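Q: Structure file final07.cif, mmCIF, C-alpha atoms and all ligand atoms, is pasted below:
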```cif
data_query
#
loop_
_atom_site.label_atom_id
_atom_site.label_comp_id
_atom_site.auth_asym_id
_atom_site.auth_seq_id
_atom_site.Cartn_x
_atom_site.Cartn_y
_atom_site.Cartn_z
CA MET A 257 -1.19 -4.74 -17.73
CA ALA A 258 0.97 -7.85 -17.92
CA GLN A 259 0.79 -11.46 -19.04
CA GLU A 260 -0.27 -12.41 -15.52
CA GLY A 261 -3.24 -10.04 -15.38
CA ILE A 262 -4.58 -6.54 -15.04
CA ASN A 263 -4.52 -4.22 -12.07
CA ALA A 264 -6.41 -0.98 -12.59
CA GLN A 265 -7.73 1.92 -10.58
CA LEU A 266 -10.29 4.40 -11.76
CA SER A 267 -12.89 6.86 -10.59
CA VAL A 268 -16.44 6.36 -11.82
CA PRO A 269 -19.36 8.64 -10.92
CA GLU A 270 -21.67 6.66 -8.64
CA LEU A 271 -24.55 7.05 -11.14
CA GLN A 272 -22.48 5.25 -13.76
CA SER A 273 -21.13 2.45 -11.61
CA GLU A 274 -23.72 -0.13 -12.64
CA ALA A 275 -23.34 0.69 -16.33
CA PHE A 276 -19.60 0.35 -15.87
CA ARG A 277 -19.96 -3.08 -14.25
CA ASN A 278 -22.24 -4.19 -17.11
CA TYR A 279 -19.77 -2.94 -19.65
CA LEU A 280 -16.94 -4.92 -18.05
CA ASP A 281 -19.09 -8.05 -17.99
CA ALA A 282 -19.70 -7.64 -21.72
CA VAL A 283 -15.96 -7.91 -22.37
CA GLU A 284 -15.32 -11.63 -22.16
CA PRO A 285 -11.89 -11.74 -20.49
CA LEU A 286 -13.13 -9.26 -17.86
CA GLN A 287 -16.34 -11.10 -16.93
CA GLY A 288 -16.81 -11.27 -13.15
CA ILE A 289 -13.60 -9.39 -12.46
CA ARG A 290 -13.41 -8.23 -8.85
CA LEU A 291 -14.02 -4.55 -8.23
CA ASN A 292 -12.89 -3.05 -4.94
CA ARG A 293 -14.80 0.08 -4.07
CA ALA A 294 -13.00 2.74 -2.08
CA VAL A 295 -14.85 4.16 0.90
CA ASP A 296 -13.46 7.66 0.96
CA ASP A 297 -13.42 10.04 -1.96
CA ASP A 298 -12.56 13.70 -2.09
CA GLY A 299 -13.15 13.94 -5.83
CA LYS A 300 -9.52 14.14 -6.87
CA SER A 301 -8.42 10.54 -7.25
CA PHE A 302 -7.72 10.31 -10.98
CA TRP A 303 -7.45 13.01 -13.60
CA VAL A 304 -5.39 11.43 -16.34
CA LEU A 305 -5.64 8.12 -18.18
CA LYS A 306 -2.40 6.16 -17.92
CA ILE A 307 -1.82 2.66 -19.23
CA LYS A 308 1.43 0.88 -18.47
CA VAL A 309 2.58 -2.43 -19.90
CA ARG A 310 4.84 -4.35 -17.56
CA GLU A 311 6.67 -7.66 -17.42
CA LYS A 312 4.76 -8.45 -14.21
CA ILE A 313 1.96 -6.77 -12.29
CA VAL A 314 4.02 -7.00 -9.13
CA ALA A 315 7.81 -7.39 -9.44
CA ASP A 316 8.49 -10.39 -7.23
CA GLY A 317 12.04 -11.51 -8.02
CA ILE A 318 10.91 -15.16 -7.91
CA THR A 319 13.16 -17.27 -10.14
CA ASP A 320 12.27 -20.78 -8.91
CA PRO A 321 10.60 -22.51 -11.90
CA ALA A 322 8.68 -24.77 -9.48
CA PHE A 323 6.82 -21.76 -8.05
CA ASP A 324 3.14 -22.00 -8.98
CA MET A 325 0.98 -18.88 -8.71
CA ARG A 326 -2.17 -20.97 -8.95
CA ASN A 327 -1.44 -22.63 -5.61
CA LYS A 328 -2.36 -19.67 -3.45
CA GLY A 329 -3.71 -19.21 0.08
CA LYS A 330 -7.37 -19.36 1.06
CA TYR A 331 -9.36 -16.17 0.70
CA VAL A 332 -10.93 -14.64 3.79
CA ASN A 333 -13.56 -11.92 3.79
CA ALA A 334 -13.90 -9.23 6.47
CA GLU A 335 -16.03 -11.38 8.78
CA GLN A 336 -13.78 -14.43 8.50
CA MET A 337 -10.74 -12.24 8.99
CA ASN A 338 -12.15 -10.77 12.22
CA ILE A 339 -12.91 -14.24 13.57
CA LEU A 340 -9.58 -15.76 12.56
CA MET A 341 -7.67 -12.82 14.07
CA ASN A 342 -9.10 -13.71 17.51
CA ASP A 343 -7.37 -17.08 17.37
CA PRO A 344 -4.11 -16.86 19.36
CA ASP A 345 -2.54 -19.15 16.76
CA THR A 346 -3.00 -16.57 14.04
CA ILE A 347 -0.29 -14.27 12.78
CA VAL A 348 -1.37 -11.29 10.70
CA VAL A 349 1.21 -10.13 8.20
CA ASP A 350 1.17 -6.73 6.54
CA MET A 351 2.67 -7.06 3.05
CA ARG A 352 2.85 -3.36 2.25
CA ASN A 353 5.63 -0.83 2.57
CA HIS A 354 6.72 0.81 5.77
CA TYR A 355 5.14 4.18 5.01
CA GLU A 356 1.79 2.46 4.42
CA TYR A 357 1.93 0.48 7.67
CA GLU A 358 2.94 3.61 9.52
CA VAL A 359 -0.42 5.38 9.09
CA GLY A 360 -2.76 2.39 9.32
CA HIS A 361 -2.77 -1.37 9.87
CA PHE A 362 -4.66 -4.26 11.45
CA VAL A 363 -4.37 -4.11 15.22
CA LYS A 364 -2.46 -7.41 15.46
CA ALA A 365 -0.43 -7.05 12.28
CA ILE A 366 3.32 -7.43 12.08
CA GLU A 367 5.38 -5.47 9.59
CA ILE A 368 7.96 -6.97 7.24
CA PRO A 369 10.60 -4.22 7.25
CA SER A 370 11.58 -3.87 3.64
CA ASP A 371 11.06 -1.27 0.95
CA THR A 372 10.31 -3.59 -1.95
CA PHE A 373 7.99 -6.54 -2.37
CA ARG A 374 10.82 -8.47 -3.96
CA GLU A 375 12.91 -8.25 -0.75
CA GLN A 376 9.87 -8.70 1.43
CA LEU A 377 8.90 -12.19 0.23
CA PRO A 378 12.05 -14.05 1.36
CA LEU A 379 12.21 -11.90 4.48
CA ALA A 380 8.63 -12.84 5.48
CA ALA A 381 9.35 -16.54 5.00
CA ASP A 382 12.51 -16.19 7.07
CA MET A 383 10.96 -14.16 9.91
CA LEU A 384 8.18 -16.72 10.29
CA LYS A 385 10.20 -19.87 9.65
CA ASP A 386 9.42 -21.34 13.11
CA LYS A 387 5.70 -20.68 12.66
CA LYS A 388 4.89 -22.96 9.74
CA GLU A 389 1.97 -24.61 11.57
CA LYS A 390 0.29 -21.32 12.56
CA ASN A 391 -2.45 -19.55 10.68
CA ILE A 392 -0.81 -16.89 8.56
CA ILE A 393 -3.13 -14.17 7.25
CA MET A 394 -1.55 -11.87 4.71
CA TYR A 395 -3.01 -8.61 3.51
CA CYS A 396 -2.18 -5.65 1.34
CA THR A 397 -3.98 -2.63 -0.10
CA GLY A 398 -6.10 -4.22 -2.83
CA GLY A 399 -5.27 -7.91 -2.49
CA ILE A 400 -3.01 -8.13 -5.53
CA ARG A 401 0.35 -8.56 -3.80
CA CYS A 402 -1.06 -11.25 -1.51
CA GLU A 403 -2.21 -13.42 -4.39
CA LYS A 404 1.50 -13.93 -4.88
CA ALA A 405 2.69 -13.63 -1.30
CA SER A 406 0.33 -16.35 -0.08
CA ALA A 407 1.45 -18.67 -2.91
CA TYR A 408 5.06 -17.93 -1.97
CA MET A 409 4.48 -18.90 1.67
CA LEU A 410 2.79 -22.18 0.67
CA HIS A 411 5.69 -22.83 -1.68
CA ASN A 412 8.00 -22.40 1.34
CA GLY A 413 6.26 -25.00 3.48
CA PHE A 414 3.73 -22.92 5.42
CA LYS A 415 0.60 -24.99 6.04
CA ASN A 416 -2.26 -22.59 6.78
CA VAL A 417 -2.00 -19.52 4.64
CA PHE A 418 -4.87 -17.10 4.17
CA HIS A 419 -5.14 -13.77 2.41
CA LEU A 420 -7.66 -10.99 2.64
CA GLU A 421 -9.71 -10.96 -0.52
CA GLY A 422 -9.70 -7.54 -2.13
CA GLY A 423 -7.33 -6.24 0.54
CA ILE A 424 -7.96 -3.39 2.94
CA ILE A 425 -10.09 -1.52 0.40
CA ASN A 426 -12.60 -4.34 0.25
CA TYR A 427 -12.39 -4.98 4.01
CA ALA A 428 -13.25 -1.34 4.74
CA GLN A 429 -16.18 -1.49 2.35
CA GLN A 430 -17.59 -4.66 3.99
CA VAL A 431 -17.12 -3.27 7.50
CA GLN A 432 -19.04 -0.16 6.53
CA GLU A 433 -21.85 -2.03 4.79
CA LYS A 434 -22.33 -4.59 7.56
CA GLY A 435 -21.73 -2.20 10.47
CA MET A 436 -18.92 -4.39 11.82
CA ALA A 437 -16.10 -3.22 14.08
CA SER A 438 -13.00 -2.39 12.10
CA GLN A 439 -9.86 -4.19 13.25
CA PHE A 440 -7.97 -2.03 10.79
CA ILE A 441 -7.13 1.28 12.44
CA GLY A 442 -6.04 4.57 10.94
CA LYS A 443 -5.66 5.33 7.26
CA ASN A 444 -5.30 3.12 4.23
CA PHE A 445 -2.49 4.55 2.14
CA VAL A 446 -3.35 4.74 -1.57
CA PHE A 447 -1.18 5.79 -4.49
CA ASP A 448 -3.49 8.30 -6.11
CA ASP A 449 -3.55 11.98 -5.25
CA ARG A 450 -5.49 11.38 -2.05
CA LEU A 451 -2.48 9.54 -0.52
CA GLY A 452 -4.80 7.73 1.86
CA GLU A 453 -8.37 6.98 2.80
CA ARG A 454 -9.47 7.23 6.38
CA ILE A 455 -10.81 3.97 7.82
CA THR A 456 -11.07 4.87 11.52
CA GLU A 457 -10.52 8.11 13.42
CA ASP A 458 -7.37 6.74 15.12
CA ILE A 459 -4.20 8.65 14.30
CA ILE A 460 -1.41 6.18 14.86
CA ALA A 461 1.52 7.99 13.25
CA THR A 462 3.40 11.17 14.14
CA CYS A 463 4.61 14.22 12.23
CA HIS A 464 8.15 13.58 10.95
CA GLN A 465 9.06 17.16 11.78
CA CYS A 466 7.65 17.88 15.24
CA GLY A 467 6.53 14.47 16.50
CA LYS A 468 2.91 15.40 17.16
CA PRO A 469 0.17 12.91 16.20
CA ALA A 470 -0.42 13.22 12.43
CA ASP A 471 -1.06 10.89 9.52
CA THR A 472 -1.17 13.11 6.47
CA HIS A 473 1.37 12.15 3.83
CA VAL A 474 2.68 14.93 1.66
CA ASN A 475 5.28 15.17 -1.07
CA CYS A 476 7.81 17.91 -0.35
CA VAL A 477 6.89 20.80 -2.67
CA ASN A 478 10.52 21.36 -3.67
CA ASP A 479 10.71 19.87 -7.18
CA GLY A 480 14.26 18.76 -6.50
CA CYS A 481 13.13 16.70 -3.50
CA HIS A 482 9.53 15.41 -3.56
CA LEU A 483 10.21 13.37 -0.45
CA LEU A 484 7.11 11.54 0.77
CA PHE A 485 6.70 12.15 4.47
CA ILE A 486 4.17 12.76 7.22
CA GLN A 487 3.51 16.37 8.11
CA CYS A 488 1.06 17.95 10.57
CA ALA A 489 -0.97 21.01 9.57
CA GLU A 490 1.15 23.33 11.70
CA CYS A 491 4.45 22.17 10.19
CA ASN A 492 2.85 22.30 6.76
CA GLN A 493 2.30 25.99 7.31
CA LYS A 494 5.60 26.64 9.01
CA TYR A 495 7.66 24.88 6.32
CA GLU A 496 5.31 25.81 3.46
CA GLY A 497 4.87 22.17 2.49
CA CYS A 498 8.61 21.44 2.54
CA CYS A 499 10.38 18.59 4.33
CA SER A 500 13.17 20.81 5.66
CA SER A 501 14.32 24.41 5.87
CA THR A 502 16.84 23.62 3.12
CA CYS A 503 13.99 22.77 0.75
CA GLN A 504 12.07 25.79 1.98
CA GLU A 505 14.97 28.08 1.04
CA MET A 506 15.25 26.33 -2.33
CA ILE A 507 11.64 27.02 -3.38
CA LYS A 508 12.22 30.74 -2.81
CA LEU A 509 14.98 30.86 -5.43
CA PRO A 510 14.16 31.77 -9.04
CA VAL A 511 13.06 28.67 -11.01
CA GLU A 512 16.17 28.76 -13.22
CA GLU A 513 18.46 28.67 -10.21
CA GLN A 514 16.46 25.81 -8.71
CA LYS A 515 16.88 23.80 -11.91
CA LYS A 516 20.60 24.48 -11.96
CA SER A 517 21.06 23.22 -8.43
CA ARG A 518 19.38 19.94 -9.40
CA GLU A 519 21.69 19.17 -12.30
CA GLY A 520 23.64 15.98 -11.90
CA ILE A 521 21.77 14.96 -8.75
CA ASP A 522 20.22 11.51 -8.93
CA LYS A 523 16.83 11.52 -7.27
CA GLY A 524 16.62 7.74 -7.61
CA GLN A 525 14.59 6.15 -4.83
CA HIS A 526 14.49 9.38 -2.90
CA ILE A 527 10.73 9.42 -2.66
CA PHE A 528 10.51 6.77 0.00
CA ASN A 529 13.97 6.96 1.49
CA LYS A 530 12.68 8.28 4.76
CA SER A 531 11.36 4.83 5.53
CA LYS A 532 14.61 3.18 4.49
CA VAL A 533 16.65 5.46 6.70
CA ARG A 534 14.37 4.81 9.62
CA ILE A 535 14.34 1.06 9.20
CA ARG A 536 18.01 0.57 8.42
CA PRO A 537 20.02 3.54 9.57
CA GLY A 538 23.12 4.04 7.51
CA ILE A 539 21.54 3.26 4.15
CA LYS A 540 21.43 6.35 2.00
ZN ZN A 601 4.54 18.81 12.86
ZN ZN A 602 12.34 18.32 0.62
#
```
Write out the structure in this file as C-alpha cells.
Ligand SMILES: [Zn+2]
Ligand SMILES: [Zn+2]
A:
Amino acid sequence: MAQEGINAQLSVPELQSEAFRNYLDAVEPLQGIRLNRAVDDDGKSFWVLKIKVREKIVADGITDPAFDMRNKGKYVNAEQMNILMNDPDTIVVDMRNHYEYEVGHFVKAIEIPSDTFREQLPLAADMLKDKKEKNIIMYCTGGIRCEKASAYMLHNGFKNVFHLEGGIINYAQQVQEKGMASQFIGKNFVFDDRLGERITEDIIATCHQCGKPADTHVNCVNDGCHLLFIQCAECNQKYEGCCSSTCQEMIKLPVEEQKKSREGIDKGQHIFNKSKVRIRPGIK
C-alpha cells in the first residue's frame, strides 16, 4: 500500500470469488477495482497474510516535478494487442526483469536489459529515442509498472504509447476465455511460490547448469545462497536443488557450521545476480 494506490495478490477459493468481488465493491475506495485472475493454480500461491506500507507501489526514481502519472498511455486489451502487434510500425516493450523475460514473453517483444524498474525507465526512453512516432506497446506482469512506464514515455515525447491493461495475467485470461491465439509464449513469471504460470507449452529458456531446454525457476536450497535460477529436472536431482556443487557440499554440513560460514557475508542482491552477470559481465 502507498499513497499512489494498492497492489495486492491473494488466493480465493473459486466458490467465494463472487462474494469477494461484492465485498470489495462495498468498500467505497475499492469500488470497481480491477481484478486480474491467474490462469494456472497449483494450490500453493499464498499461505501467509503480509501487508507492506511503502513510499511508492513501484520505485521509479522519477524526480521531475512536471511528471504527471495521470497522463498515461492508452489501454489495450488482448484482442487490440494482437491486432496492433501485426502492424510493422509497432514496437512491443517488455518492462519486466531479465529473469521474467527469459522464460516467457510476447513473440515480438524487446527486452530492456536492466535489473530494476528505476534504471529501466530512462534506458527504455533512450533505446527507443529514434522511434518516437511508432506505436509503443508496453507490458508487464499485472499492468502496474506500465501505468507508470507509459506515462514516462509520453512525458519523454513519445506520441503513440499503449499499455496492456491488466498485464500478462489478464491477457492470458482473455485468450483462454475467447479461444484466441496467444502471442505470449512460455511462462509468466510470478512472485509467489509458484514462480510462474504456464501460458503456452513452448519452453523458450534453458537450464543454467546443463543448457537443456527448461523453464523452471528454483531458489538454491542452500540457505546461504538462495540464488534464483533455471534448473531442469535432471540437474535438480543431480545437484539436490542447489545452484552449484559448492552449495551442494554446504547443505551437507551440520546446520551450525553452515551458519558460521555465512557470518559476515552480505547476500545483498544475490537473488537475481545471475541475470546481472549475464547481461553485464563483470558486475558482481
Ligand atoms: Zn540441467
Ligand atoms: Zn547456491
Q: Can I get the residues of chain A within 7 Å of ligand ZN 601 (chain A), each with the closest pair of atoms and their distance in Å to one decimal, using all atoms listed in the file, sorted chain first then ascending number, as a tab-separated table?
A:
```
residue	atom	partner	partner_atom	distance
A:Cys463	CA	A:ZN601	ZN	4.6
A:His464	CA	A:ZN601	ZN	6.6
A:Gln465	CA	A:ZN601	ZN	4.9
A:Cys466	CA	A:ZN601	ZN	4.0
A:Gly467	CA	A:ZN601	ZN	6.0
A:Lys468	CA	A:ZN601	ZN	5.7
A:Gln487	CA	A:ZN601	ZN	5.4
A:Cys488	CA	A:ZN601	ZN	4.3
A:Ala489	CA	A:ZN601	ZN	6.8
A:Glu490	CA	A:ZN601	ZN	5.8
A:Cys491	CA	A:ZN601	ZN	4.3
```
Q: Write as JSON, numbers by chain the residues around ligand ZN 602 (chain A), taking 8 Å as the cut-off and counting only C-alpha atoms and all ligand atoms.
A: {"A": [475, 476, 477, 478, 480, 481, 482, 483, 498, 499, 500, 502, 503, 504]}
Q: Which is closest to Lys364 of chain A among A:Asn492, A:Asn412, A:Gln430, A:Gln439, if we use all atoms listed in the file?
A: A:Gln439
Q: So which one's closest to Asn426 of chain A, A:Arg310, A:Asn278, A:Cys396, A:Val349? Using all atoms listed in the file, please.
A: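 Of all the options, A:Cys396 lies closest to Asn426 of chain A.
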Q: Quick one, how far is atom CA of Ser273 of chain A from atom CA of Arg290 of chain A?
A: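 Value for the atom CA of Ser273 of chain A-atom CA of Arg290 of chain A distance: 13.5 Å.
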Q: Tell me which residues come within 10 Å of (-10.9, -17.6, 0.6), as an MDAnalysis selection string, counting all atoms listed in the file in the file's coordinates.
A: chainID A and resid 328:333 336:337 417:421
Q: Using only C-alpha atoms, which protein or nucleic acid residues come within 10 Å of Gly422 of chain A? Drop anything in the same chain fewer than 6 positions from it, and give the result as a list in words.
A: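 Final neighbour list, sorted by chain and number: Arg290, Leu291, Asn292, Arg293, Tyr331, Val332, Asn333, Ala334, Tyr395, Cys396, Thr397, Gly398, Gly399, Ile400, Cys402, Glu403, Ala428 and Gln429 of chain A.
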Q: Quick one: write out the picked residues with C-alpha atoms as a compact mmCIF listing (two decimals), keeping the file's coordinate frame?
A:
```txt
# COMPACT_ATOMS: atom_id res chain seq x y z
CA ARG A 290 -13.41 -8.23 -8.85
CA LEU A 291 -14.02 -4.55 -8.23
CA ASN A 292 -12.89 -3.05 -4.94
CA ARG A 293 -14.80 0.08 -4.07
CA TYR A 331 -9.36 -16.17 0.70
CA VAL A 332 -10.93 -14.64 3.79
CA ASN A 333 -13.56 -11.92 3.79
CA ALA A 334 -13.90 -9.23 6.47
CA TYR A 395 -3.01 -8.61 3.51
CA CYS A 396 -2.18 -5.65 1.34
CA THR A 397 -3.98 -2.63 -0.10
CA GLY A 398 -6.10 -4.22 -2.83
CA GLY A 399 -5.27 -7.91 -2.49
CA ILE A 400 -3.01 -8.13 -5.53
CA CYS A 402 -1.06 -11.25 -1.51
CA GLU A 403 -2.21 -13.42 -4.39
CA ALA A 428 -13.25 -1.34 4.74
CA GLN A 429 -16.18 -1.49 2.35
```
Q: Between atom CA of Met341 of chain A and atom CA of Ile392 of chain A, measure the distance and give it in Å to one decimal.
A: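 Computing the Euclidean distance for atom CA of Met341 of chain A and atom CA of Ile392 of chain A yields 9.7 Å.
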Q: Need the shell around Ile307 of chain A: protein/DNA/RNA residues with any atom at most 12 Å away, counting all atoms listed in the file. Skip same-chain ones fewer than 5 positions apart. Format as JSON, numbers by chain?
A: {"A": [257, 258, 262, 263, 264, 265, 266]}
Q: Which of these, A:Ala437, A:Ala407, A:Ala275, A:Ile339, has the shortest distance to Arg326 of chain A once you count all atoms listed in the file?
A: A:Ala407
Q: Have a look at A:His473, A:Lys434, A:Lys308, A:Lys404 and name the one nearest to Glu356 of chain A; count all atoms listed in the file.
A: A:His473
Q: Between A:Glu260, A:Asp281, A:Leu286, A:Glu496, which residue has the minimum interatomic distance to Glu311 of chain A, considering only C-alpha atoms?
A: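 Ranking A:Glu260, A:Asp281, A:Leu286, A:Glu496 by distance to Glu311 of chain A, first place goes to A:Glu260.
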Q: Please compute the atom CA of Gly288 of chain A-atom CA of Leu377 of chain A distance, one decimal, in Å.
A: 29.0 Å
Q: Near Glu367 of chain A, within 8 Å and counting all atoms listed in the file, which residues show up once chain neighbours fewer than 6 positions away are dropped, as a ChimeraX atom specification?
A: /A:349-351,354,357
Q: Set the distance at 10 Å and use only C-alpha atoms: which residues neighbour Asn416 of chain A once local chain neighbours fewer than 2 positions away are removed? I'd like the list as a list in words.
A: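 Near neighbours after the sequence-gap exclusion: Gly329, Lys330, Thr346, Lys388, Glu389, Lys390, Asn391, Ile392, Ile393, Ser406, Met409, Leu410, Gly413, Phe414 and Phe418 of chain A.
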